[in-house]
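> Structure: my_file_28.cif, mmCIF, N, CA and C atoms.
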```
data_work
loop_
_atom_site.label_atom_id
_atom_site.label_comp_id
_atom_site.auth_asym_id
_atom_site.auth_seq_id
_atom_site.Cartn_x
_atom_site.Cartn_y
_atom_site.Cartn_z
N MET Q 1 0.16 -7.45 -15.15
CA MET Q 1 -0.71 -6.75 -14.22
C MET Q 1 0.08 -5.57 -13.64
N GLU Q 2 -0.58 -4.44 -13.56
CA GLU Q 2 0.03 -3.22 -13.05
C GLU Q 2 -0.72 -2.76 -11.81
N LYS Q 3 0.01 -2.25 -10.83
CA LYS Q 3 -0.58 -1.76 -9.59
C LYS Q 3 -0.47 -0.23 -9.57
N VAL Q 4 -1.62 0.46 -9.40
CA VAL Q 4 -1.67 1.91 -9.39
C VAL Q 4 -2.27 2.36 -8.07
N GLU Q 5 -1.61 3.28 -7.37
CA GLU Q 5 -2.14 3.81 -6.12
C GLU Q 5 -3.19 4.88 -6.42
N ILE Q 6 -4.41 4.65 -5.96
CA ILE Q 6 -5.53 5.55 -6.23
C ILE Q 6 -5.57 6.68 -5.21
N CYS Q 7 -5.55 6.34 -3.93
CA CYS Q 7 -5.54 7.37 -2.88
C CYS Q 7 -4.85 6.81 -1.64
N LYS Q 8 -4.46 7.74 -0.76
CA LYS Q 8 -3.69 7.35 0.42
C LYS Q 8 -4.03 8.31 1.56
N VAL Q 9 -4.19 7.75 2.76
CA VAL Q 9 -4.45 8.53 3.97
C VAL Q 9 -3.41 8.10 5.00
N GLN Q 10 -2.74 9.08 5.60
CA GLN Q 10 -1.79 8.77 6.65
C GLN Q 10 -2.24 9.47 7.93
N ILE Q 11 -2.38 8.68 8.99
CA ILE Q 11 -2.77 9.19 10.30
C ILE Q 11 -1.68 8.78 11.26
N GLY Q 12 -0.85 9.74 11.67
CA GLY Q 12 0.31 9.42 12.49
C GLY Q 12 1.25 8.55 11.69
N THR Q 13 1.52 7.36 12.18
CA THR Q 13 2.41 6.44 11.47
C THR Q 13 1.64 5.40 10.65
N GLU Q 14 0.31 5.39 10.78
CA GLU Q 14 -0.51 4.41 10.07
C GLU Q 14 -0.85 4.92 8.67
N ILE Q 15 -0.71 4.04 7.67
CA ILE Q 15 -0.98 4.40 6.28
C ILE Q 15 -2.09 3.48 5.75
N TYR Q 16 -3.10 4.09 5.16
CA TYR Q 16 -4.19 3.37 4.51
C TYR Q 16 -4.22 3.82 3.05
N LYS Q 17 -4.38 2.87 2.13
CA LYS Q 17 -4.41 3.25 0.72
C LYS Q 17 -5.26 2.28 -0.09
N VAL Q 18 -5.65 2.76 -1.26
CA VAL Q 18 -6.40 1.94 -2.21
C VAL Q 18 -5.51 1.76 -3.43
N ASN Q 19 -5.28 0.51 -3.80
CA ASN Q 19 -4.52 0.17 -5.00
C ASN Q 19 -5.46 -0.39 -6.06
N GLN Q 20 -5.24 0.04 -7.29
CA GLN Q 20 -5.98 -0.50 -8.42
C GLN Q 20 -5.08 -1.49 -9.13
N LEU Q 21 -5.58 -2.68 -9.36
CA LEU Q 21 -4.84 -3.71 -10.10
C LEU Q 21 -5.39 -3.73 -11.52
N VAL Q 22 -4.58 -3.29 -12.45
CA VAL Q 22 -5.00 -3.18 -13.84
C VAL Q 22 -4.43 -4.37 -14.61
N ASN Q 23 -5.31 -5.13 -15.22
CA ASN Q 23 -4.92 -6.27 -16.03
C ASN Q 23 -5.39 -6.00 -17.45
N ASN Q 24 -4.47 -5.87 -18.38
CA ASN Q 24 -4.83 -5.55 -19.75
C ASN Q 24 -5.58 -6.67 -20.45
N ASP Q 25 -5.47 -7.89 -19.95
CA ASP Q 25 -6.16 -9.02 -20.57
C ASP Q 25 -7.63 -9.09 -20.19
N VAL Q 26 -7.99 -8.48 -19.06
CA VAL Q 26 -9.36 -8.53 -18.55
C VAL Q 26 -9.92 -7.11 -18.50
N ALA Q 27 -11.17 -6.95 -18.91
CA ALA Q 27 -11.78 -5.61 -18.96
C ALA Q 27 -12.11 -5.07 -17.57
N LEU Q 28 -12.22 -5.93 -16.57
CA LEU Q 28 -12.62 -5.51 -15.22
C LEU Q 28 -11.40 -5.23 -14.37
N ASP Q 29 -11.32 -4.01 -13.82
CA ASP Q 29 -10.25 -3.66 -12.89
C ASP Q 29 -10.70 -4.04 -11.48
N GLU Q 30 -9.73 -4.34 -10.62
CA GLU Q 30 -10.07 -4.63 -9.23
C GLU Q 30 -9.26 -3.71 -8.32
N TYR Q 31 -9.80 -3.50 -7.12
CA TYR Q 31 -9.22 -2.58 -6.15
C TYR Q 31 -8.98 -3.33 -4.84
N ARG Q 32 -7.89 -2.97 -4.16
CA ARG Q 32 -7.59 -3.54 -2.85
C ARG Q 32 -7.35 -2.41 -1.86
N VAL Q 33 -7.81 -2.62 -0.64
CA VAL Q 33 -7.59 -1.65 0.43
C VAL Q 33 -6.45 -2.17 1.29
N MET Q 34 -5.43 -1.36 1.44
CA MET Q 34 -4.24 -1.75 2.17
C MET Q 34 -4.15 -0.97 3.48
N HIS Q 35 -3.65 -1.65 4.50
CA HIS Q 35 -3.32 -1.02 5.78
C HIS Q 35 -1.85 -1.31 6.01
N GLY Q 36 -1.03 -0.29 5.77
CA GLY Q 36 0.40 -0.50 5.79
C GLY Q 36 0.79 -1.32 4.57
N ARG Q 37 1.47 -2.45 4.79
CA ARG Q 37 1.88 -3.30 3.68
C ARG Q 37 1.00 -4.53 3.51
N ARG Q 38 -0.07 -4.60 4.27
CA ARG Q 38 -0.94 -5.77 4.17
C ARG Q 38 -2.35 -5.36 3.75
N ILE Q 39 -3.10 -6.31 3.26
CA ILE Q 39 -4.47 -6.05 2.85
C ILE Q 39 -5.32 -5.90 4.10
N ALA Q 40 -6.14 -4.84 4.15
CA ALA Q 40 -7.01 -4.61 5.30
C ALA Q 40 -8.05 -5.73 5.38
N LYS Q 41 -8.45 -6.08 6.59
CA LYS Q 41 -9.43 -7.14 6.78
C LYS Q 41 -10.73 -6.76 6.07
N GLY Q 42 -11.16 -7.59 5.15
CA GLY Q 42 -12.37 -7.31 4.38
C GLY Q 42 -12.13 -6.46 3.14
N GLY Q 43 -10.89 -6.05 2.90
CA GLY Q 43 -10.59 -5.17 1.78
C GLY Q 43 -9.86 -5.84 0.65
N GLY Q 44 -10.02 -7.13 0.52
CA GLY Q 44 -9.25 -7.89 -0.46
C GLY Q 44 -9.63 -7.69 -1.91
N TRP Q 45 -10.90 -7.40 -2.17
CA TRP Q 45 -11.29 -7.28 -3.57
C TRP Q 45 -12.54 -6.42 -3.71
N PHE Q 46 -12.43 -5.38 -4.51
CA PHE Q 46 -13.56 -4.53 -4.87
C PHE Q 46 -13.52 -4.34 -6.39
N ASN Q 47 -14.68 -4.23 -7.02
CA ASN Q 47 -14.71 -3.92 -8.43
C ASN Q 47 -15.23 -2.51 -8.68
N ASN Q 48 -15.46 -1.77 -7.60
CA ASN Q 48 -15.96 -0.41 -7.68
C ASN Q 48 -14.99 0.51 -6.95
N ARG Q 49 -14.50 1.51 -7.65
CA ARG Q 49 -13.51 2.44 -7.07
C ARG Q 49 -14.07 3.18 -5.86
N LEU Q 50 -15.28 3.70 -5.96
CA LEU Q 50 -15.89 4.46 -4.87
C LEU Q 50 -16.09 3.59 -3.62
N ALA Q 51 -16.54 2.36 -3.82
CA ALA Q 51 -16.75 1.45 -2.68
C ALA Q 51 -15.43 1.16 -1.97
N ALA Q 52 -14.35 1.00 -2.71
CA ALA Q 52 -13.04 0.75 -2.11
C ALA Q 52 -12.57 1.96 -1.30
N ILE Q 53 -12.74 3.15 -1.84
CA ILE Q 53 -12.33 4.37 -1.13
C ILE Q 53 -13.16 4.55 0.13
N GLN Q 54 -14.48 4.33 0.04
CA GLN Q 54 -15.33 4.45 1.22
C GLN Q 54 -14.94 3.45 2.29
N PHE Q 55 -14.62 2.22 1.89
CA PHE Q 55 -14.20 1.20 2.85
C PHE Q 55 -12.89 1.59 3.52
N MET Q 56 -11.94 2.13 2.75
CA MET Q 56 -10.66 2.56 3.31
C MET Q 56 -10.88 3.66 4.35
N LEU Q 57 -11.72 4.64 4.04
CA LEU Q 57 -11.99 5.71 5.00
C LEU Q 57 -12.69 5.20 6.25
N ARG Q 58 -13.59 4.23 6.07
CA ARG Q 58 -14.29 3.64 7.22
C ARG Q 58 -13.31 2.91 8.14
N VAL Q 59 -12.41 2.13 7.56
CA VAL Q 59 -11.41 1.39 8.35
C VAL Q 59 -10.49 2.37 9.07
N ALA Q 60 -10.04 3.40 8.39
CA ALA Q 60 -9.15 4.39 9.01
C ALA Q 60 -9.87 5.11 10.15
N PHE Q 61 -11.12 5.50 9.95
CA PHE Q 61 -11.87 6.19 11.00
C PHE Q 61 -12.09 5.30 12.21
N GLU Q 62 -12.44 4.03 11.97
CA GLU Q 62 -12.65 3.10 13.09
C GLU Q 62 -11.38 2.91 13.90
N ASP Q 63 -10.24 2.78 13.23
CA ASP Q 63 -8.97 2.62 13.94
C ASP Q 63 -8.63 3.86 14.75
N VAL Q 64 -8.85 5.03 14.19
CA VAL Q 64 -8.52 6.27 14.88
C VAL Q 64 -9.48 6.52 16.03
N SER Q 65 -10.75 6.21 15.85
CA SER Q 65 -11.73 6.47 16.90
C SER Q 65 -11.53 5.56 18.12
N GLN Q 66 -10.86 4.43 17.95
CA GLN Q 66 -10.61 3.53 19.07
C GLN Q 66 -9.27 3.80 19.75
N ALA Q 67 -8.46 4.64 19.15
CA ALA Q 67 -7.13 4.92 19.70
C ALA Q 67 -7.23 6.00 20.77
N GLU Q 68 -6.27 5.98 21.67
CA GLU Q 68 -6.19 7.02 22.68
C GLU Q 68 -5.32 8.15 22.13
N ILE Q 69 -5.84 9.34 22.19
CA ILE Q 69 -5.11 10.49 21.68
C ILE Q 69 -4.65 11.31 22.88
N GLU Q 70 -3.35 11.54 22.94
CA GLU Q 70 -2.77 12.31 24.04
C GLU Q 70 -2.53 13.74 23.58
N PHE Q 71 -2.90 14.68 24.44
CA PHE Q 71 -2.69 16.09 24.15
C PHE Q 71 -1.70 16.67 25.14
N ASP Q 72 -0.78 17.47 24.65
CA ASP Q 72 0.15 18.17 25.53
C ASP Q 72 -0.51 19.47 25.99
N VAL Q 73 -0.60 19.63 27.30
CA VAL Q 73 -1.23 20.83 27.84
C VAL Q 73 -0.20 21.71 28.47
#
```
Give the structure from this file in structure tokens form.


Amino acid sequence: MEKVEICKVQIGTEIYKVNQLVNNDVALDEYRVMHGRRIAKGGGWFNNRLAAIQFMLRVAFEDVSQAEIEFDV
């Protein structure tokens, strides 16, 4: 089994990414959404690349929208 990074978003120190797990023995590829070094909650298994990317962006946006952003004035 081979792991391929499909896309990655970094917001400050937080990293979100989609990994594709390629298994040559099985015709179906699977995707995982990662938050840092762990699997994002609800992102353990996707069989559709677009759905995994959309989920990753949704998780990243939700985390950022709940954070407090400080501006230097």

> Taking (0.5, 2.1, -13.0) as a centre in this file's frame and 12 Å as the limit, can you find every polymer residue with an atom that close, using only C-alpha atoms, and give them as an mmCIF file with N, CA and C atoms, keeping the file's coordinate frame?


```
data_model
loop_
_atom_site.group_PDB
_atom_site.id
_atom_site.type_symbol
_atom_site.label_atom_id
_atom_site.label_comp_id
_atom_site.auth_asym_id
_atom_site.auth_seq_id
_atom_site.Cartn_x
_atom_site.Cartn_y
_atom_site.Cartn_z
ATOM 1 N N MET Q 1 0.160 -7.450 -15.150
ATOM 2 C CA MET Q 1 -0.710 -6.750 -14.220
ATOM 3 C C MET Q 1 0.080 -5.570 -13.640
ATOM 4 N N GLU Q 2 -0.580 -4.440 -13.560
ATOM 5 C CA GLU Q 2 0.030 -3.220 -13.050
ATOM 6 C C GLU Q 2 -0.720 -2.760 -11.810
ATOM 7 N N LYS Q 3 0.010 -2.250 -10.830
ATOM 8 C CA LYS Q 3 -0.580 -1.760 -9.590
ATOM 9 C C LYS Q 3 -0.470 -0.230 -9.570
ATOM 10 N N VAL Q 4 -1.620 0.460 -9.400
ATOM 11 C CA VAL Q 4 -1.670 1.910 -9.390
ATOM 12 C C VAL Q 4 -2.270 2.360 -8.070
ATOM 13 N N GLU Q 5 -1.610 3.280 -7.370
ATOM 14 C CA GLU Q 5 -2.140 3.810 -6.120
ATOM 15 C C GLU Q 5 -3.190 4.880 -6.420
ATOM 16 N N ILE Q 6 -4.410 4.650 -5.960
ATOM 17 C CA ILE Q 6 -5.530 5.550 -6.230
ATOM 18 C C ILE Q 6 -5.570 6.680 -5.210
ATOM 19 N N ASN Q 19 -5.280 0.510 -3.800
ATOM 20 C CA ASN Q 19 -4.520 0.170 -5.000
ATOM 21 C C ASN Q 19 -5.460 -0.390 -6.060
ATOM 22 N N GLN Q 20 -5.240 0.040 -7.290
ATOM 23 C CA GLN Q 20 -5.980 -0.500 -8.420
ATOM 24 C C GLN Q 20 -5.080 -1.490 -9.130
ATOM 25 N N LEU Q 21 -5.580 -2.680 -9.360
ATOM 26 C CA LEU Q 21 -4.840 -3.710 -10.100
ATOM 27 C C LEU Q 21 -5.390 -3.730 -11.520
ATOM 28 N N VAL Q 22 -4.580 -3.290 -12.450
ATOM 29 C CA VAL Q 22 -5.000 -3.180 -13.840
ATOM 30 C C VAL Q 22 -4.430 -4.370 -14.610
ATOM 31 N N ASN Q 23 -5.310 -5.130 -15.220
ATOM 32 C CA ASN Q 23 -4.920 -6.270 -16.030
ATOM 33 C C ASN Q 23 -5.390 -6.000 -17.450
ATOM 34 N N ASN Q 24 -4.470 -5.870 -18.380
ATOM 35 C CA ASN Q 24 -4.830 -5.550 -19.750
ATOM 36 C C ASN Q 24 -5.580 -6.670 -20.450
#
```

> Can you work out the spacing between atom N of Q:Ser65 and atom C of Q:Arg37 in Å, to one decimal?

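Between these atoms lies a distance of 20.1 Å.
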
> Name the residues of chain Q that fall into strand (DSSP E or B) according to DSSP on the backbone, using the chain letters and numbers of this document, as number ranges by chain.

Q: 2-11, 14-22, 30-35, 38-39, 46

> Just want the 5 Å neighbourhood of Q:Met34, counted on all atoms listed in the file, with same-chain residues fewer than 2 positions away dropped. Output as a PDB file with N, CA and C atoms, in the frame of the given file.


```
ATOM      1  N   TYR Q  16      -3.100   4.090   5.160  1.00  0.00           N
ATOM      2  CA  TYR Q  16      -4.190   3.370   4.510  1.00  0.00           C
ATOM      3  C   TYR Q  16      -4.220   3.820   3.050  1.00  0.00           C
ATOM      4  N   LYS Q  17      -4.380   2.870   2.130  1.00  0.00           N
ATOM      5  CA  LYS Q  17      -4.410   3.250   0.720  1.00  0.00           C
ATOM      6  C   LYS Q  17      -5.260   2.280  -0.090  1.00  0.00           C
ATOM      7  N   VAL Q  18      -5.650   2.760  -1.260  1.00  0.00           N
ATOM      8  CA  VAL Q  18      -6.400   1.940  -2.210  1.00  0.00           C
ATOM      9  C   VAL Q  18      -5.510   1.760  -3.430  1.00  0.00           C
ATOM     10  N   ARG Q  32      -7.890  -2.970  -4.160  1.00  0.00           N
ATOM     11  CA  ARG Q  32      -7.590  -3.540  -2.850  1.00  0.00           C
ATOM     12  C   ARG Q  32      -7.350  -2.410  -1.860  1.00  0.00           C
ATOM     13  N   GLY Q  36      -1.030  -0.290   5.770  1.00  0.00           N
ATOM     14  CA  GLY Q  36       0.400  -0.500   5.790  1.00  0.00           C
ATOM     15  C   GLY Q  36       0.790  -1.320   4.570  1.00  0.00           C
ATOM     16  N   ARG Q  38      -0.070  -4.600   4.270  1.00  0.00           N
ATOM     17  CA  ARG Q  38      -0.940  -5.770   4.170  1.00  0.00           C
ATOM     18  C   ARG Q  38      -2.350  -5.360   3.750  1.00  0.00           C
ATOM     19  N   ILE Q  39      -3.100  -6.310   3.260  1.00  0.00           N
ATOM     20  CA  ILE Q  39      -4.470  -6.050   2.850  1.00  0.00           C
ATOM     21  C   ILE Q  39      -5.320  -5.900   4.100  1.00  0.00           C
ATOM     22  N   ALA Q  40      -6.140  -4.840   4.150  1.00  0.00           N
ATOM     23  CA  ALA Q  40      -7.010  -4.610   5.300  1.00  0.00           C
ATOM     24  C   ALA Q  40      -8.050  -5.730   5.380  1.00  0.00           C
TER      25      ALA Q  40
END
```

> I need stretch 54-69 of chain Q from the structure I supplied, saved as a PDB file, in the first residue's frame with all heavy atoms retained.


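Final output, saved to result-v1.pdb:
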```
ATOM      1  N   GLN Q  54     -13.458  18.289  -0.287  1.00  0.00           N
ATOM      2  CA  GLN Q  54     -14.496  19.174   0.248  1.00  0.00           C
ATOM      3  C   GLN Q  54     -14.602  19.041   1.758  1.00  0.00           C
ATOM      4  O   GLN Q  54     -14.762  20.032   2.473  1.00  0.00           O
ATOM      5  CB  GLN Q  54     -15.836  18.857  -0.403  1.00  0.00           C
ATOM      6  CG  GLN Q  54     -15.924  19.295  -1.839  1.00  0.00           C
ATOM      7  CD  GLN Q  54     -17.208  18.846  -2.507  1.00  0.00           C
ATOM      8  OE1 GLN Q  54     -17.864  17.895  -2.062  1.00  0.00           O
ATOM      9  NE2 GLN Q  54     -17.568  19.523  -3.587  1.00  0.00           N
ATOM     10  N   PHE Q  55     -14.514  17.822   2.279  1.00  0.00           N
ATOM     11  CA  PHE Q  55     -14.577  17.612   3.723  1.00  0.00           C
ATOM     12  C   PHE Q  55     -13.392  18.273   4.420  1.00  0.00           C
ATOM     13  O   PHE Q  55     -13.551  18.917   5.458  1.00  0.00           O
ATOM     14  CB  PHE Q  55     -14.616  16.115   4.042  1.00  0.00           C
ATOM     15  CG  PHE Q  55     -14.753  15.826   5.505  1.00  0.00           C
ATOM     16  CD1 PHE Q  55     -15.982  15.901   6.129  1.00  0.00           C
ATOM     17  CD2 PHE Q  55     -13.648  15.486   6.269  1.00  0.00           C
ATOM     18  CE1 PHE Q  55     -16.110  15.654   7.485  1.00  0.00           C
ATOM     19  CE2 PHE Q  55     -13.768  15.232   7.617  1.00  0.00           C
ATOM     20  CZ  PHE Q  55     -15.011  15.312   8.225  1.00  0.00           C
ATOM     21  N   MET Q  56     -12.191  18.151   3.836  1.00  0.00           N
ATOM     22  CA  MET Q  56     -11.005  18.774   4.412  1.00  0.00           C
ATOM     23  C   MET Q  56     -11.171  20.294   4.480  1.00  0.00           C
ATOM     24  O   MET Q  56     -10.878  20.916   5.505  1.00  0.00           O
ATOM     25  CB  MET Q  56      -9.758  18.451   3.592  1.00  0.00           C
ATOM     26  CG  MET Q  56      -8.509  19.101   4.161  1.00  0.00           C
ATOM     27  SD  MET Q  56      -7.204  19.459   2.971  1.00  0.00           S
ATOM     28  CE  MET Q  56      -8.000  20.449   1.763  1.00  0.00           C
ATOM     29  N   LEU Q  57     -11.666  20.897   3.410  1.00  0.00           N
ATOM     30  CA  LEU Q  57     -11.867  22.348   3.408  1.00  0.00           C
ATOM     31  C   LEU Q  57     -12.932  22.771   4.412  1.00  0.00           C
ATOM     32  O   LEU Q  57     -12.792  23.802   5.077  1.00  0.00           O
ATOM     33  CB  LEU Q  57     -12.244  22.812   2.001  1.00  0.00           C
ATOM     34  CG  LEU Q  57     -11.139  22.681   0.956  1.00  0.00           C
ATOM     35  CD1 LEU Q  57     -11.682  22.980  -0.432  1.00  0.00           C
ATOM     36  CD2 LEU Q  57      -9.970  23.574   1.291  1.00  0.00           C
ATOM     37  N   ARG Q  58     -13.980  21.957   4.559  1.00  0.00           N
ATOM     38  CA  ARG Q  58     -15.033  22.263   5.528  1.00  0.00           C
ATOM     39  C   ARG Q  58     -14.492  22.217   6.957  1.00  0.00           C
ATOM     40  O   ARG Q  58     -14.757  23.106   7.771  1.00  0.00           O
ATOM     41  CB  ARG Q  58     -16.183  21.268   5.363  1.00  0.00           C
ATOM     42  CG  ARG Q  58     -17.412  21.625   6.162  1.00  0.00           C
ATOM     43  CD  ARG Q  58     -18.578  20.675   5.922  1.00  0.00           C
ATOM     44  NE  ARG Q  58     -18.766  20.328   4.530  1.00  0.00           N
ATOM     45  CZ  ARG Q  58     -18.734  19.078   4.060  1.00  0.00           C
ATOM     46  NH1 ARG Q  58     -18.531  18.058   4.864  1.00  0.00           N
ATOM     47  NH2 ARG Q  58     -18.921  18.840   2.786  1.00  0.00           N
ATOM     48  N   VAL Q  59     -13.698  21.202   7.271  1.00  0.00           N
ATOM     49  CA  VAL Q  59     -13.111  21.072   8.610  1.00  0.00           C
ATOM     50  C   VAL Q  59     -12.165  22.239   8.880  1.00  0.00           C
ATOM     51  O   VAL Q  59     -12.196  22.837   9.961  1.00  0.00           O
ATOM     52  CB  VAL Q  59     -12.370  19.723   8.756  1.00  0.00           C
ATOM     53  CG1 VAL Q  59     -11.526  19.683  10.011  1.00  0.00           C
ATOM     54  CG2 VAL Q  59     -13.360  18.576   8.750  1.00  0.00           C
ATOM     55  N   ALA Q  60     -11.334  22.588   7.914  1.00  0.00           N
ATOM     56  CA  ALA Q  60     -10.393  23.695   8.087  1.00  0.00           C
ATOM     57  C   ALA Q  60     -11.143  25.009   8.293  1.00  0.00           C
ATOM     58  O   ALA Q  60     -10.800  25.805   9.173  1.00  0.00           O
ATOM     59  CB  ALA Q  60      -9.459  23.800   6.882  1.00  0.00           C
ATOM     60  N   PHE Q  61     -12.190  25.255   7.509  1.00  0.00           N
ATOM     61  CA  PHE Q  61     -12.958  26.491   7.639  1.00  0.00           C
ATOM     62  C   PHE Q  61     -13.654  26.570   8.990  1.00  0.00           C
ATOM     63  O   PHE Q  61     -13.666  27.621   9.627  1.00  0.00           O
ATOM     64  CB  PHE Q  61     -13.983  26.614   6.509  1.00  0.00           C
ATOM     65  CG  PHE Q  61     -14.824  27.844   6.618  1.00  0.00           C
ATOM     66  CD1 PHE Q  61     -14.306  29.084   6.264  1.00  0.00           C
ATOM     67  CD2 PHE Q  61     -16.120  27.777   7.093  1.00  0.00           C
ATOM     68  CE1 PHE Q  61     -15.075  30.225   6.376  1.00  0.00           C
ATOM     69  CE2 PHE Q  61     -16.894  28.911   7.214  1.00  0.00           C
ATOM     70  CZ  PHE Q  61     -16.372  30.142   6.851  1.00  0.00           C
ATOM     71  N   GLU Q  62     -14.237  25.453   9.444  1.00  0.00           N
ATOM     72  CA  GLU Q  62     -14.910  25.449  10.747  1.00  0.00           C
ATOM     73  C   GLU Q  62     -13.928  25.744  11.874  1.00  0.00           C
ATOM     74  O   GLU Q  62     -14.245  26.489  12.801  1.00  0.00           O
ATOM     75  CB  GLU Q  62     -15.606  24.115  10.980  1.00  0.00           C
ATOM     76  CG  GLU Q  62     -16.840  23.931  10.149  1.00  0.00           C
ATOM     77  CD  GLU Q  62     -17.454  22.550  10.302  1.00  0.00           C
ATOM     78  OE1 GLU Q  62     -16.919  21.729  11.084  1.00  0.00           O
ATOM     79  OE2 GLU Q  62     -18.460  22.287   9.629  1.00  0.00           O
ATOM     80  N   ASP Q  63     -12.737  25.166  11.819  1.00  0.00           N
ATOM     81  CA  ASP Q  63     -11.734  25.416  12.853  1.00  0.00           C
ATOM     82  C   ASP Q  63     -11.292  26.873  12.848  1.00  0.00           C
ATOM     83  O   ASP Q  63     -11.144  27.486  13.907  1.00  0.00           O
ATOM     84  CB  ASP Q  63     -10.524  24.512  12.666  1.00  0.00           C
ATOM     85  CG  ASP Q  63     -10.821  23.069  13.033  1.00  0.00           C
ATOM     86  OD1 ASP Q  63     -11.907  22.789  13.583  1.00  0.00           O
ATOM     87  OD2 ASP Q  63      -9.963  22.211  12.769  1.00  0.00           O
ATOM     88  N   VAL Q  64     -11.090  27.434  11.676  1.00  0.00           N
ATOM     89  CA  VAL Q  64     -10.636  28.817  11.570  1.00  0.00           C
ATOM     90  C   VAL Q  64     -11.733  29.784  11.978  1.00  0.00           C
ATOM     91  O   VAL Q  64     -11.492  30.789  12.649  1.00  0.00           O
ATOM     92  CB  VAL Q  64     -10.147  29.128  10.142  1.00  0.00           C
ATOM     93  CG1 VAL Q  64      -9.913  30.612   9.943  1.00  0.00           C
ATOM     94  CG2 VAL Q  64      -8.874  28.358   9.857  1.00  0.00           C
ATOM     95  N   SER Q  65     -12.969  29.496  11.612  1.00  0.00           N
ATOM     96  CA  SER Q  65     -14.064  30.410  11.928  1.00  0.00           C
ATOM     97  C   SER Q  65     -14.364  30.466  13.425  1.00  0.00           C
ATOM     98  O   SER Q  65     -14.907  31.463  13.910  1.00  0.00           O
ATOM     99  CB  SER Q  65     -15.338  30.018  11.176  1.00  0.00           C
ATOM    100  OG  SER Q  65     -15.816  28.770  11.612  1.00  0.00           O
ATOM    101  N   GLN Q  66     -13.968  29.445  14.174  1.00  0.00           N
ATOM    102  CA  GLN Q  66     -14.201  29.439  15.619  1.00  0.00           C
ATOM    103  C   GLN Q  66     -13.015  30.001  16.398  1.00  0.00           C
ATOM    104  O   GLN Q  66     -13.102  30.226  17.602  1.00  0.00           O
ATOM    105  CB  GLN Q  66     -14.482  28.027  16.084  1.00  0.00           C
ATOM    106  CG  GLN Q  66     -15.776  27.481  15.535  1.00  0.00           C
ATOM    107  CD  GLN Q  66     -16.019  26.041  15.934  1.00  0.00           C
ATOM    108  OE1 GLN Q  66     -15.296  25.486  16.743  1.00  0.00           O
ATOM    109  NE2 GLN Q  66     -17.031  25.434  15.348  1.00  0.00           N
ATOM    110  N   ALA Q  67     -11.910  30.237  15.729  1.00  0.00           N
ATOM    111  CA  ALA Q  67     -10.712  30.729  16.403  1.00  0.00           C
ATOM    112  C   ALA Q  67     -10.779  32.250  16.536  1.00  0.00           C
ATOM    113  O   ALA Q  67     -11.433  32.936  15.768  1.00  0.00           O
ATOM    114  CB  ALA Q  67      -9.467  30.336  15.610  1.00  0.00           C
ATOM    115  N   GLU Q  68     -10.077  32.742  17.529  1.00  0.00           N
ATOM    116  CA  GLU Q  68      -9.966  34.186  17.699  1.00  0.00           C
ATOM    117  C   GLU Q  68      -8.755  34.669  16.919  1.00  0.00           C
ATOM    118  O   GLU Q  68      -7.648  34.135  17.075  1.00  0.00           O
ATOM    119  CB  GLU Q  68      -9.815  34.538  19.172  1.00  0.00           C
ATOM    120  CG  GLU Q  68     -11.052  34.250  20.002  1.00  0.00           C
ATOM    121  CD  GLU Q  68     -10.871  34.706  21.441  1.00  0.00           C
ATOM    122  OE1 GLU Q  68      -9.996  35.549  21.701  1.00  0.00           O
ATOM    123  OE2 GLU Q  68     -11.615  34.207  22.273  1.00  0.00           O
ATOM    124  N   ILE Q  69      -8.967  35.656  16.098  1.00  0.00           N
ATOM    125  CA  ILE Q  69      -7.882  36.192  15.287  1.00  0.00           C
ATOM    126  C   ILE Q  69      -7.514  37.555  15.848  1.00  0.00           C
ATOM    127  O   ILE Q  69      -8.351  38.436  15.997  1.00  0.00           O
ATOM    128  CB  ILE Q  69      -8.311  36.328  13.814  1.00  0.00           C
ATOM    129  CG1 ILE Q  69      -8.715  34.958  13.268  1.00  0.00           C
ATOM    130  CG2 ILE Q  69      -7.198  36.952  12.980  1.00  0.00           C
ATOM    131  CD1 ILE Q  69      -9.305  34.982  11.884  1.00  0.00           C
TER     132      ILE Q  69
END
```
